[in-house]
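Trainee: Next up, entry-v9.cif (mmCIF, N, CA and C atoms).
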data_data
loop_
_atom_site.label_atom_id
_atom_site.label_comp_id
_atom_site.auth_asym_id
_atom_site.auth_seq_id
_atom_site.Cartn_x
_atom_site.Cartn_y
_atom_site.Cartn_z
N MET A 550 2.55 -39.75 -62.00
CA MET A 550 1.66 -40.65 -61.31
C MET A 550 1.27 -40.04 -59.98
N ARG A 551 0.13 -40.40 -59.50
CA ARG A 551 -0.36 -39.88 -58.21
C ARG A 551 0.14 -40.75 -57.07
N ILE A 552 -0.08 -40.27 -55.86
CA ILE A 552 0.46 -40.94 -54.68
C ILE A 552 -0.11 -42.35 -54.51
N GLY A 553 -1.37 -42.55 -54.82
CA GLY A 553 -1.97 -43.88 -54.69
C GLY A 553 -1.30 -44.90 -55.61
N GLU A 554 -1.02 -44.48 -56.84
CA GLU A 554 -0.37 -45.38 -57.78
C GLU A 554 1.07 -45.66 -57.34
N LEU A 555 1.76 -44.64 -56.88
CA LEU A 555 3.12 -44.85 -56.39
C LEU A 555 3.11 -45.79 -55.19
N SER A 556 2.14 -45.65 -54.34
CA SER A 556 2.00 -46.53 -53.19
C SER A 556 1.79 -47.98 -53.64
N ARG A 557 0.91 -48.18 -54.60
CA ARG A 557 0.66 -49.54 -55.11
C ARG A 557 1.90 -50.14 -55.76
N ARG A 558 2.61 -49.34 -56.53
CA ARG A 558 3.81 -49.84 -57.22
C ARG A 558 4.93 -50.21 -56.27
N THR A 559 5.03 -49.48 -55.18
CA THR A 559 6.17 -49.66 -54.28
C THR A 559 5.83 -50.45 -53.01
N GLY A 560 4.55 -50.55 -52.69
CA GLY A 560 4.16 -51.19 -51.44
C GLY A 560 4.39 -50.32 -50.22
N VAL A 561 4.60 -49.03 -50.46
CA VAL A 561 4.85 -48.07 -49.38
C VAL A 561 3.58 -47.24 -49.20
N SER A 562 3.15 -47.08 -47.98
CA SER A 562 1.90 -46.36 -47.72
C SER A 562 2.00 -44.89 -48.15
N PRO A 563 0.88 -44.30 -48.53
CA PRO A 563 0.89 -42.87 -48.86
C PRO A 563 1.43 -42.01 -47.72
N ARG A 564 1.10 -42.39 -46.50
CA ARG A 564 1.59 -41.63 -45.35
C ARG A 564 3.12 -41.62 -45.31
N LEU A 565 3.72 -42.79 -45.57
CA LEU A 565 5.17 -42.89 -45.57
C LEU A 565 5.78 -42.14 -46.75
N LEU A 566 5.11 -42.16 -47.88
CA LEU A 566 5.59 -41.39 -49.04
C LEU A 566 5.60 -39.90 -48.71
N ARG A 567 4.55 -39.43 -48.03
CA ARG A 567 4.52 -38.02 -47.62
C ARG A 567 5.66 -37.72 -46.64
N TYR A 568 5.94 -38.68 -45.75
CA TYR A 568 7.05 -38.50 -44.82
C TYR A 568 8.37 -38.39 -45.57
N TYR A 569 8.55 -39.23 -46.58
CA TYR A 569 9.78 -39.14 -47.39
C TYR A 569 9.90 -37.75 -48.01
N GLU A 570 8.78 -37.19 -48.43
CA GLU A 570 8.81 -35.82 -48.98
C GLU A 570 9.22 -34.83 -47.91
N GLU A 571 8.63 -34.95 -46.72
CA GLU A 571 8.97 -34.04 -45.62
C GLU A 571 10.46 -34.10 -45.30
N GLN A 572 11.05 -35.27 -45.45
CA GLN A 572 12.47 -35.47 -45.14
C GLN A 572 13.38 -35.07 -46.29
N GLY A 573 12.81 -34.66 -47.41
CA GLY A 573 13.60 -34.24 -48.56
C GLY A 573 14.15 -35.39 -49.39
N LEU A 574 13.53 -36.57 -49.25
CA LEU A 574 13.99 -37.74 -49.99
C LEU A 574 13.27 -37.93 -51.31
N LEU A 575 12.09 -37.39 -51.40
CA LEU A 575 11.22 -37.61 -52.55
C LEU A 575 10.56 -36.28 -52.89
N ARG A 576 10.38 -36.05 -54.17
CA ARG A 576 9.75 -34.78 -54.61
C ARG A 576 8.48 -35.08 -55.37
N SER A 577 7.53 -34.21 -55.18
CA SER A 577 6.30 -34.28 -55.98
C SER A 577 5.98 -32.87 -56.44
N GLU A 578 5.11 -32.82 -57.40
CA GLU A 578 4.57 -31.54 -57.84
C GLU A 578 3.08 -31.59 -57.61
N ARG A 579 2.45 -30.45 -57.63
CA ARG A 579 1.01 -30.39 -57.46
C ARG A 579 0.38 -30.06 -58.80
N ASP A 580 -0.65 -30.84 -59.14
CA ASP A 580 -1.35 -30.49 -60.37
C ASP A 580 -2.41 -29.44 -60.06
N THR A 581 -3.21 -29.08 -61.03
CA THR A 581 -4.15 -27.96 -60.86
C THR A 581 -5.18 -28.20 -59.77
N ASN A 582 -5.52 -29.46 -59.51
CA ASN A 582 -6.50 -29.72 -58.45
C ASN A 582 -5.84 -29.99 -57.10
N GLY A 583 -4.52 -29.82 -57.02
CA GLY A 583 -3.81 -29.94 -55.75
C GLY A 583 -3.28 -31.33 -55.44
N TYR A 584 -3.54 -32.31 -56.30
CA TYR A 584 -3.04 -33.65 -56.06
C TYR A 584 -1.53 -33.71 -56.28
N ARG A 585 -0.87 -34.55 -55.49
CA ARG A 585 0.56 -34.79 -55.69
C ARG A 585 0.74 -35.62 -56.95
N THR A 586 1.72 -35.25 -57.74
CA THR A 586 2.11 -36.08 -58.88
C THR A 586 3.61 -36.31 -58.80
N TYR A 587 3.99 -37.51 -59.18
CA TYR A 587 5.39 -37.92 -59.10
C TYR A 587 5.92 -38.22 -60.48
N ARG A 588 7.20 -38.03 -60.64
CA ARG A 588 7.86 -38.34 -61.91
C ARG A 588 7.90 -39.86 -62.11
N PRO A 589 8.09 -40.31 -63.34
CA PRO A 589 8.12 -41.75 -63.61
C PRO A 589 9.20 -42.51 -62.84
N ASP A 590 10.31 -41.85 -62.50
CA ASP A 590 11.38 -42.53 -61.79
C ASP A 590 11.18 -42.56 -60.27
N ALA A 591 10.03 -42.09 -59.78
CA ALA A 591 9.79 -42.03 -58.34
C ALA A 591 9.76 -43.42 -57.70
N ALA A 592 9.21 -44.40 -58.41
CA ALA A 592 9.15 -45.75 -57.84
C ALA A 592 10.56 -46.30 -57.60
N GLU A 593 11.46 -46.07 -58.55
CA GLU A 593 12.85 -46.52 -58.39
C GLU A 593 13.49 -45.79 -57.21
N ARG A 594 13.21 -44.51 -57.09
CA ARG A 594 13.78 -43.73 -55.98
C ARG A 594 13.26 -44.24 -54.64
N VAL A 595 11.97 -44.55 -54.57
CA VAL A 595 11.42 -45.09 -53.32
C VAL A 595 12.07 -46.42 -53.00
N GLY A 596 12.29 -47.24 -54.02
CA GLY A 596 12.99 -48.51 -53.81
C GLY A 596 14.37 -48.31 -53.24
N ARG A 597 15.08 -47.33 -53.77
CA ARG A 597 16.42 -47.02 -53.27
C ARG A 597 16.36 -46.53 -51.83
N ILE A 598 15.39 -45.69 -51.53
CA ILE A 598 15.22 -45.20 -50.16
C ILE A 598 15.00 -46.37 -49.21
N ARG A 599 14.12 -47.29 -49.60
CA ARG A 599 13.82 -48.46 -48.77
C ARG A 599 15.06 -49.33 -48.59
N GLU A 600 15.82 -49.48 -49.65
CA GLU A 600 17.05 -50.27 -49.59
C GLU A 600 18.02 -49.67 -48.57
N LEU A 601 18.21 -48.37 -48.63
CA LEU A 601 19.15 -47.70 -47.73
C LEU A 601 18.63 -47.67 -46.30
N LEU A 602 17.33 -47.50 -46.12
CA LEU A 602 16.75 -47.60 -44.78
C LEU A 602 16.94 -49.00 -44.23
N GLY A 603 16.82 -49.99 -45.10
CA GLY A 603 16.95 -51.39 -44.69
C GLY A 603 18.33 -51.76 -44.18
N VAL A 604 19.35 -51.02 -44.60
CA VAL A 604 20.69 -51.30 -44.10
C VAL A 604 21.03 -50.42 -42.90
N GLY A 605 20.03 -49.70 -42.41
CA GLY A 605 20.20 -48.95 -41.16
C GLY A 605 20.57 -47.50 -41.29
N MET A 606 20.50 -46.95 -42.49
CA MET A 606 20.83 -45.54 -42.64
C MET A 606 19.67 -44.66 -42.21
N THR A 607 20.01 -43.48 -41.74
CA THR A 607 18.99 -42.51 -41.36
C THR A 607 18.51 -41.77 -42.60
N THR A 608 17.35 -41.14 -42.48
CA THR A 608 16.85 -40.37 -43.62
C THR A 608 17.79 -39.21 -43.93
N GLU A 609 18.43 -38.67 -42.92
CA GLU A 609 19.38 -37.57 -43.15
C GLU A 609 20.57 -38.04 -43.99
N THR A 610 21.10 -39.21 -43.66
CA THR A 610 22.21 -39.77 -44.43
C THR A 610 21.76 -40.10 -45.84
N ILE A 611 20.58 -40.69 -45.95
CA ILE A 611 20.06 -41.07 -47.27
C ILE A 611 19.90 -39.84 -48.15
N ARG A 612 19.44 -38.75 -47.57
CA ARG A 612 19.25 -37.52 -48.35
C ARG A 612 20.57 -37.09 -48.99
N THR A 613 21.68 -37.26 -48.26
CA THR A 613 22.97 -36.85 -48.83
C THR A 613 23.47 -37.84 -49.88
N LEU A 614 22.99 -39.08 -49.81
CA LEU A 614 23.45 -40.11 -50.75
C LEU A 614 22.63 -40.20 -52.03
N LEU A 615 21.40 -39.74 -52.00
CA LEU A 615 20.53 -39.92 -53.16
C LEU A 615 21.10 -39.36 -54.47
N PRO A 616 21.85 -38.27 -54.45
CA PRO A 616 22.46 -37.85 -55.72
C PRO A 616 23.44 -38.88 -56.28
N CYS A 617 23.98 -39.75 -55.43
CA CYS A 617 24.91 -40.80 -55.87
C CYS A 617 24.17 -42.08 -56.26
N ALA A 618 22.85 -42.08 -56.19
CA ALA A 618 22.05 -43.29 -56.40
C ALA A 618 21.27 -43.22 -57.70
N GLN A 619 21.91 -42.84 -58.75
CA GLN A 619 21.21 -42.70 -60.02
C GLN A 619 21.72 -43.72 -61.02
N GLY A 620 20.80 -44.19 -61.85
CA GLY A 620 21.19 -45.06 -62.96
C GLY A 620 21.54 -46.47 -62.57
N GLY A 621 20.63 -47.19 -61.96
CA GLY A 621 20.85 -48.59 -61.68
C GLY A 621 21.12 -48.86 -60.22
N PRO A 622 21.38 -50.13 -59.92
CA PRO A 622 21.56 -50.52 -58.52
C PRO A 622 22.87 -49.98 -57.93
N GLY A 623 22.91 -49.94 -56.64
CA GLY A 623 24.10 -49.46 -55.95
C GLY A 623 24.22 -47.95 -56.00
N LEU A 624 25.37 -47.48 -55.61
CA LEU A 624 25.65 -46.05 -55.58
C LEU A 624 26.84 -45.76 -56.48
N LEU A 625 26.87 -44.55 -57.02
CA LEU A 625 28.06 -44.12 -57.74
C LEU A 625 29.19 -43.98 -56.72
N ALA A 626 30.36 -44.43 -57.08
CA ALA A 626 31.48 -44.42 -56.15
C ALA A 626 32.19 -43.07 -56.16
N CYS A 627 31.50 -42.07 -55.62
CA CYS A 627 32.14 -40.76 -55.47
C CYS A 627 32.76 -40.70 -54.07
N ALA A 628 33.58 -39.71 -53.83
CA ALA A 628 34.25 -39.59 -52.53
C ALA A 628 33.24 -39.55 -51.39
N HIS A 629 32.12 -38.86 -51.61
CA HIS A 629 31.11 -38.74 -50.56
C HIS A 629 30.47 -40.09 -50.25
N SER A 630 30.03 -40.82 -51.27
CA SER A 630 29.35 -42.09 -51.01
C SER A 630 30.29 -43.10 -50.37
N VAL A 631 31.55 -43.13 -50.81
CA VAL A 631 32.52 -44.04 -50.22
C VAL A 631 32.72 -43.71 -48.74
N GLN A 632 32.84 -42.43 -48.43
CA GLN A 632 33.03 -42.01 -47.03
C GLN A 632 31.82 -42.37 -46.18
N VAL A 633 30.63 -42.12 -46.69
CA VAL A 633 29.41 -42.45 -45.93
C VAL A 633 29.33 -43.95 -45.66
N ILE A 634 29.59 -44.76 -46.67
CA ILE A 634 29.53 -46.22 -46.49
C ILE A 634 30.61 -46.67 -45.51
N ASP A 635 31.82 -46.13 -45.63
CA ASP A 635 32.88 -46.47 -44.68
C ASP A 635 32.49 -46.09 -43.25
N ASP A 636 31.88 -44.91 -43.08
CA ASP A 636 31.43 -44.47 -41.76
C ASP A 636 30.35 -45.40 -41.22
N GLN A 637 29.43 -45.81 -42.08
CA GLN A 637 28.36 -46.73 -41.66
C GLN A 637 28.96 -48.06 -41.21
N LEU A 638 29.91 -48.57 -41.98
CA LEU A 638 30.55 -49.84 -41.62
C LEU A 638 31.30 -49.72 -40.29
N ALA A 639 32.00 -48.62 -40.09
CA ALA A 639 32.72 -48.41 -38.83
C ALA A 639 31.74 -48.34 -37.67
N ARG A 640 30.61 -47.67 -37.87
CA ARG A 640 29.60 -47.57 -36.82
C ARG A 640 29.04 -48.95 -36.49
N LEU A 641 28.81 -49.76 -37.51
CA LEU A 641 28.31 -51.12 -37.28
C LEU A 641 29.33 -51.95 -36.51
N GLU A 642 30.60 -51.82 -36.85
CA GLU A 642 31.64 -52.54 -36.12
C GLU A 642 31.64 -52.16 -34.65
N GLU A 643 31.50 -50.86 -34.37
CA GLU A 643 31.44 -50.39 -32.98
C GLU A 643 30.23 -50.98 -32.26
N GLN A 644 29.09 -50.99 -32.93
CA GLN A 644 27.88 -51.53 -32.33
C GLN A 644 28.02 -53.03 -32.07
N MET A 645 28.64 -53.74 -33.01
CA MET A 645 28.82 -55.18 -32.83
C MET A 645 29.79 -55.45 -31.67
N ALA A 646 30.83 -54.65 -31.54
CA ALA A 646 31.76 -54.81 -30.42
C ALA A 646 31.04 -54.56 -29.10
N GLU A 647 30.19 -53.54 -29.06
CA GLU A 647 29.42 -53.25 -27.85
C GLU A 647 28.46 -54.40 -27.54
N LEU A 648 27.82 -54.97 -28.55
CA LEU A 648 26.93 -56.10 -28.33
C LEU A 648 27.70 -57.32 -27.81
N ARG A 649 28.90 -57.55 -28.35
CA ARG A 649 29.71 -58.67 -27.85
C ARG A 649 30.09 -58.44 -26.39
N ARG A 650 30.44 -57.20 -26.04
CA ARG A 650 30.78 -56.89 -24.64
C ARG A 650 29.59 -57.14 -23.73
N ARG A 651 28.41 -56.69 -24.16
CA ARG A 651 27.20 -56.89 -23.36
C ARG A 651 26.85 -58.37 -23.23
N LYS A 652 27.06 -59.12 -24.30
CA LYS A 652 26.79 -60.55 -24.26
C LYS A 652 27.70 -61.22 -23.24
N GLU A 653 28.99 -60.87 -23.26
CA GLU A 653 29.93 -61.45 -22.31
C GLU A 653 29.54 -61.09 -20.87
N ALA A 654 29.10 -59.87 -20.67
CA ALA A 654 28.67 -59.45 -19.33
C ALA A 654 27.46 -60.26 -18.88
N LEU A 655 26.51 -60.46 -19.78
CA LEU A 655 25.33 -61.26 -19.43
C LEU A 655 25.70 -62.71 -19.17
N LEU A 656 26.64 -63.24 -19.93
CA LEU A 656 27.09 -64.61 -19.67
C LEU A 656 27.75 -64.70 -18.29
N GLY A 657 28.46 -63.65 -17.90
CA GLY A 657 29.05 -63.62 -16.56
C GLY A 657 27.99 -63.61 -15.48
N VAL A 658 26.92 -62.86 -15.69
CA VAL A 658 25.81 -62.83 -14.73
C VAL A 658 25.16 -64.21 -14.66
N THR A 659 24.98 -64.83 -15.82
CA THR A 659 24.37 -66.16 -15.86
C THR A 659 25.24 -67.17 -15.12
N GLU A 660 26.54 -67.12 -15.34
CA GLU A 660 27.45 -68.04 -14.63
C GLU A 660 27.38 -67.83 -13.13
N ALA A 661 27.34 -66.57 -12.69
CA ALA A 661 27.23 -66.27 -11.26
C ALA A 661 25.91 -66.79 -10.70
N MET A 662 24.83 -66.64 -11.47
CA MET A 662 23.52 -67.14 -11.02
C MET A 662 23.55 -68.66 -10.89
N ASP A 663 24.15 -69.32 -11.87
CA ASP A 663 24.23 -70.78 -11.83
C ASP A 663 25.06 -71.25 -10.65
N ALA A 664 26.18 -70.56 -10.40
CA ALA A 664 27.03 -70.93 -9.27
C ALA A 664 26.27 -70.76 -7.96
N ARG A 665 25.55 -69.67 -7.87
CA ARG A 665 24.78 -69.42 -6.63
C ARG A 665 23.69 -70.45 -6.47
N ARG A 666 23.03 -70.81 -7.56
CA ARG A 666 21.97 -71.83 -7.50
C ARG A 666 22.55 -73.16 -7.03
N ARG A 667 23.72 -73.53 -7.57
CA ARG A 667 24.37 -74.78 -7.16
C ARG A 667 24.75 -74.75 -5.68
N GLU A 668 25.24 -73.60 -5.20
CA GLU A 668 25.58 -73.46 -3.78
C GLU A 668 24.32 -73.61 -2.92
N ASP A 669 23.23 -72.93 -3.35
CA ASP A 669 21.97 -73.01 -2.59
C ASP A 669 21.45 -74.43 -2.56
N GLU A 670 21.54 -75.14 -3.69
CA GLU A 670 21.07 -76.52 -3.73
C GLU A 670 21.93 -77.41 -2.83
N ALA A 671 23.23 -77.17 -2.83
CA ALA A 671 24.13 -77.96 -1.98
C ALA A 671 23.83 -77.69 -0.52
N LEU A 672 23.60 -76.43 -0.14
CA LEU A 672 23.26 -76.10 1.24
C LEU A 672 21.93 -76.71 1.65
N ALA A 673 20.96 -76.67 0.72
CA ALA A 673 19.64 -77.26 1.02
C ALA A 673 19.77 -78.77 1.20
N LEU A 674 20.56 -79.42 0.38
CA LEU A 674 20.77 -80.87 0.48
C LEU A 674 21.47 -81.21 1.79
N GLN A 675 22.46 -80.39 2.14
CA GLN A 675 23.19 -80.59 3.38
C GLN A 675 22.24 -80.42 4.59
N ALA A 676 21.37 -79.42 4.51
CA ALA A 676 20.41 -79.20 5.60
C ALA A 676 19.45 -80.37 5.72
N LEU A 677 19.02 -80.95 4.61
CA LEU A 677 18.12 -82.09 4.63
C LEU A 677 18.81 -83.31 5.26
N ARG A 678 20.09 -83.48 4.94
CA ARG A 678 20.82 -84.63 5.49
C ARG A 678 21.06 -84.47 7.00
N SER A 679 21.21 -83.23 7.45
CA SER A 679 21.45 -82.94 8.85
C SER A 679 20.17 -83.09 9.66
N ALA A 680 19.04 -82.97 9.01
CA ALA A 680 17.77 -82.98 9.75
C ALA A 680 17.34 -84.34 10.17
#
Would you put the structure from the file into structure tokens?

Mentor:
Amino acid sequence: MRIGELSRRTGVSPRLLRYYEEQGLLRSERDTNGYRTYRPDAAERVGRIRELLGVGMTTETIRTLLPCAQGGPGLLACAHSVQVIDDQLARLEEQMAELRRRKEALLGVTEAMDARRREDEALALQALRSA
């Protein structure tokens, strides 16, 4: 199939399909007139690429996982795919811990702002009563 048909089947723009090729995620061949042609399983492969991008993986990581992504949903549970998924989960845990830390810091700033606002309001009220 040509790039336009693959784009229609997958909902992925031709430009993005070409990018996937540049990144080594997708392969095409050239026919005699120079058009890109894709194998029948290309739509499934693009779907898998989109799925893995959707969970936050980089194209570099996806490239290493695609050999484990054959024959149906999910990945084959080889040592490599298990390690990559475990690494991704650990990275997410680290990011979530950092987000929780930042949230707590922002809540501390908010509490300090509220306390200062209450002090300013009390001082303003006191000044009005003194006047």

Trainee: Give as a ChimeraX atom specification the residues that the PyMOL selection byres ((chain A and resi 612-616) around 7) matches when applied to the coordinates above.

Mentor: /A:572-574,607-611,617-619,625,630

Trainee: Just the strand (DSSP E) stuff from chain A, please, per backbone DSSP, written as number ranges by chain.

Mentor: A: 578-579, 585-586

Trainee: Report, in Å with one decimal, the straight-line distance from atom N of A:Val604 to atom N of A:Asp636.

Mentor: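 Taking atom N of A:Val604 and atom N of A:Asp636, their separation equals 14.0 Å.
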
Trainee: Report, in Å to a single decimal, how far apart atom CA of A:Arg594 and atom CA of A:Val561 are.

Mentor: 11.9 Å

Trainee: State, in Å with one decimal place, the distance from atom N of A:Ala646 to atom C of A:Glu600.

Mentor: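 Separation of atom N of A:Ala646 and atom C of A:Glu600: 21.9 Å.
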
Trainee: Assign secondary structure with DSSP using the backbone only, and return the residues of chain A in alpha helix (DSSP H) as JSON, numbers by chain.

Mentor: {"A": [552, 553, 554, 555, 556, 557, 558, 559, 563, 564, 565, 566, 567, 568, 569, 570, 571, 591, 592, 593, 594, 595, 596, 597, 598, 599, 600, 601, 602, 603, 608, 609, 610, 611, 612, 613, 614, 628, 629, 630, 631, 632, 633, 634, 635, 636, 637, 638, 639, 640, 641, 642, 643, 644, 645, 646, 647, 648, 649, 650, 651, 652, 653, 654, 655, 656, 657, 658, 659, 660, 661, 662, 663, 664, 665, 666, 667, 668, 669, 670, 671, 672, 673, 674, 675, 676, 677, 678, 679]}

Trainee: Using only C-alpha atoms, which residues sit within 12 Å of A:Val595 once same-chain residues fewer than 2 positions away are excluded, as a ChimeraX atom specification?

Mentor: /A:552,555-563,565-570,574-576,587-593,597-602,611-612,615,618

Trainee: Looking at all atoms listed in the file, which of A:Arg640, A:Leu672, A:Arg551, A:Met662 is the one that sits closest to A:Tyr584?

Mentor: A:Arg551

Trainee: Reconstruct N, CA, C and O atoms of stretch 603-625 of chain A; output as a CSV table (one decimal), keeping the file's coordinate frame.

Mentor:
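Output saved as part_18.csv:
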chain,number,residue,atom,x,y,z
A,603,GLY,N,16.8,-50.0,-45.1
A,603,GLY,CA,17.0,-51.4,-44.7
A,603,GLY,C,18.3,-51.8,-44.2
A,603,GLY,O,18.5,-52.7,-43.4
A,604,VAL,N,19.4,-51.0,-44.6
A,604,VAL,CA,20.7,-51.3,-44.1
A,604,VAL,C,21.0,-50.4,-42.9
A,604,VAL,O,22.2,-50.4,-42.4
A,605,GLY,N,20.0,-49.7,-42.4
A,605,GLY,CA,20.2,-49.0,-41.2
A,605,GLY,C,20.6,-47.5,-41.3
A,605,GLY,O,20.9,-46.9,-40.3
A,606,MET,N,20.5,-47.0,-42.5
A,606,MET,CA,20.8,-45.5,-42.6
A,606,MET,C,19.7,-44.7,-42.2
A,606,MET,O,18.5,-45.0,-42.3
A,607,THR,N,20.0,-43.5,-41.7
A,607,THR,CA,19.0,-42.5,-41.4
A,607,THR,C,18.5,-41.8,-42.6
A,607,THR,O,19.2,-41.7,-43.6
A,608,THR,N,17.4,-41.1,-42.5
A,608,THR,CA,16.8,-40.4,-43.6
A,608,THR,C,17.8,-39.2,-43.9
A,608,THR,O,18.0,-38.8,-45.1
A,609,GLU,N,18.4,-38.7,-42.9
A,609,GLU,CA,19.4,-37.6,-43.2
A,609,GLU,C,20.6,-38.0,-44.0
A,609,GLU,O,21.0,-37.4,-44.9
A,610,THR,N,21.1,-39.2,-43.7
A,610,THR,CA,22.2,-39.8,-44.4
A,610,THR,C,21.8,-40.1,-45.8
A,610,THR,O,22.5,-39.8,-46.8
A,611,ILE,N,20.6,-40.7,-46.0
A,611,ILE,CA,20.1,-41.1,-47.3
A,611,ILE,C,19.9,-39.8,-48.2
A,611,ILE,O,20.2,-39.9,-49.3
A,612,ARG,N,19.4,-38.8,-47.6
A,612,ARG,CA,19.2,-37.5,-48.4
A,612,ARG,C,20.6,-37.1,-49.0
A,612,ARG,O,20.6,-36.7,-50.1
A,613,THR,N,21.7,-37.3,-48.3
A,613,THR,CA,23.0,-36.8,-48.8
A,613,THR,C,23.5,-37.8,-49.9
A,613,THR,O,24.3,-37.5,-50.7
A,614,LEU,N,23.0,-39.1,-49.8
A,614,LEU,CA,23.4,-40.1,-50.8
A,614,LEU,C,22.6,-40.2,-52.0
A,614,LEU,O,23.1,-40.7,-53.0
A,615,LEU,N,21.4,-39.7,-52.0
A,615,LEU,CA,20.5,-39.9,-53.2
A,615,LEU,C,21.1,-39.4,-54.5
A,615,LEU,O,20.9,-40.0,-55.5
A,616,PRO,N,21.8,-38.3,-54.4
A,616,PRO,CA,22.5,-37.8,-55.7
A,616,PRO,C,23.4,-38.9,-56.3
A,616,PRO,O,23.7,-38.9,-57.5
A,617,CYS,N,24.0,-39.8,-55.4
A,617,CYS,CA,24.9,-40.8,-55.9
A,617,CYS,C,24.2,-42.1,-56.3
A,617,CYS,O,24.8,-43.1,-56.6
A,618,ALA,N,22.8,-42.1,-56.2
A,618,ALA,CA,22.0,-43.3,-56.4
A,618,ALA,C,21.3,-43.2,-57.7
A,618,ALA,O,20.1,-43.5,-57.7
A,619,GLN,N,21.9,-42.8,-58.8
A,619,GLN,CA,21.2,-42.7,-60.0
A,619,GLN,C,21.7,-43.7,-61.0
A,619,GLN,O,22.9,-44.1,-61.0
A,620,GLY,N,20.8,-44.2,-61.8
A,620,GLY,CA,21.2,-45.1,-63.0
A,620,GLY,C,21.5,-46.5,-62.6
A,620,GLY,O,22.7,-46.9,-62.8
A,621,GLY,N,20.6,-47.2,-62.0
A,621,GLY,CA,20.8,-48.6,-61.7
A,621,GLY,C,21.1,-48.9,-60.2
A,621,GLY,O,21.1,-48.0,-59.4
A,622,PRO,N,21.4,-50.1,-59.9
A,622,PRO,CA,21.6,-50.5,-58.5
A,622,PRO,C,22.9,-50.0,-57.9
A,622,PRO,O,23.8,-49.6,-58.7
A,623,GLY,N,22.9,-49.9,-56.6
A,623,GLY,CA,24.1,-49.5,-56.0
A,623,GLY,C,24.2,-48.0,-56.0
A,623,GLY,O,23.3,-47.2,-56.4
A,624,LEU,N,25.4,-47.5,-55.6
A,624,LEU,CA,25.6,-46.0,-55.6
A,624,LEU,C,26.8,-45.8,-56.5
A,624,LEU,O,27.7,-46.6,-56.7
A,625,LEU,N,26.9,-44.6,-57.0
A,625,LEU,CA,28.1,-44.1,-57.7
A,625,LEU,C,29.2,-44.0,-56.7
A,625,LEU,O,29.0,-43.5,-55.6
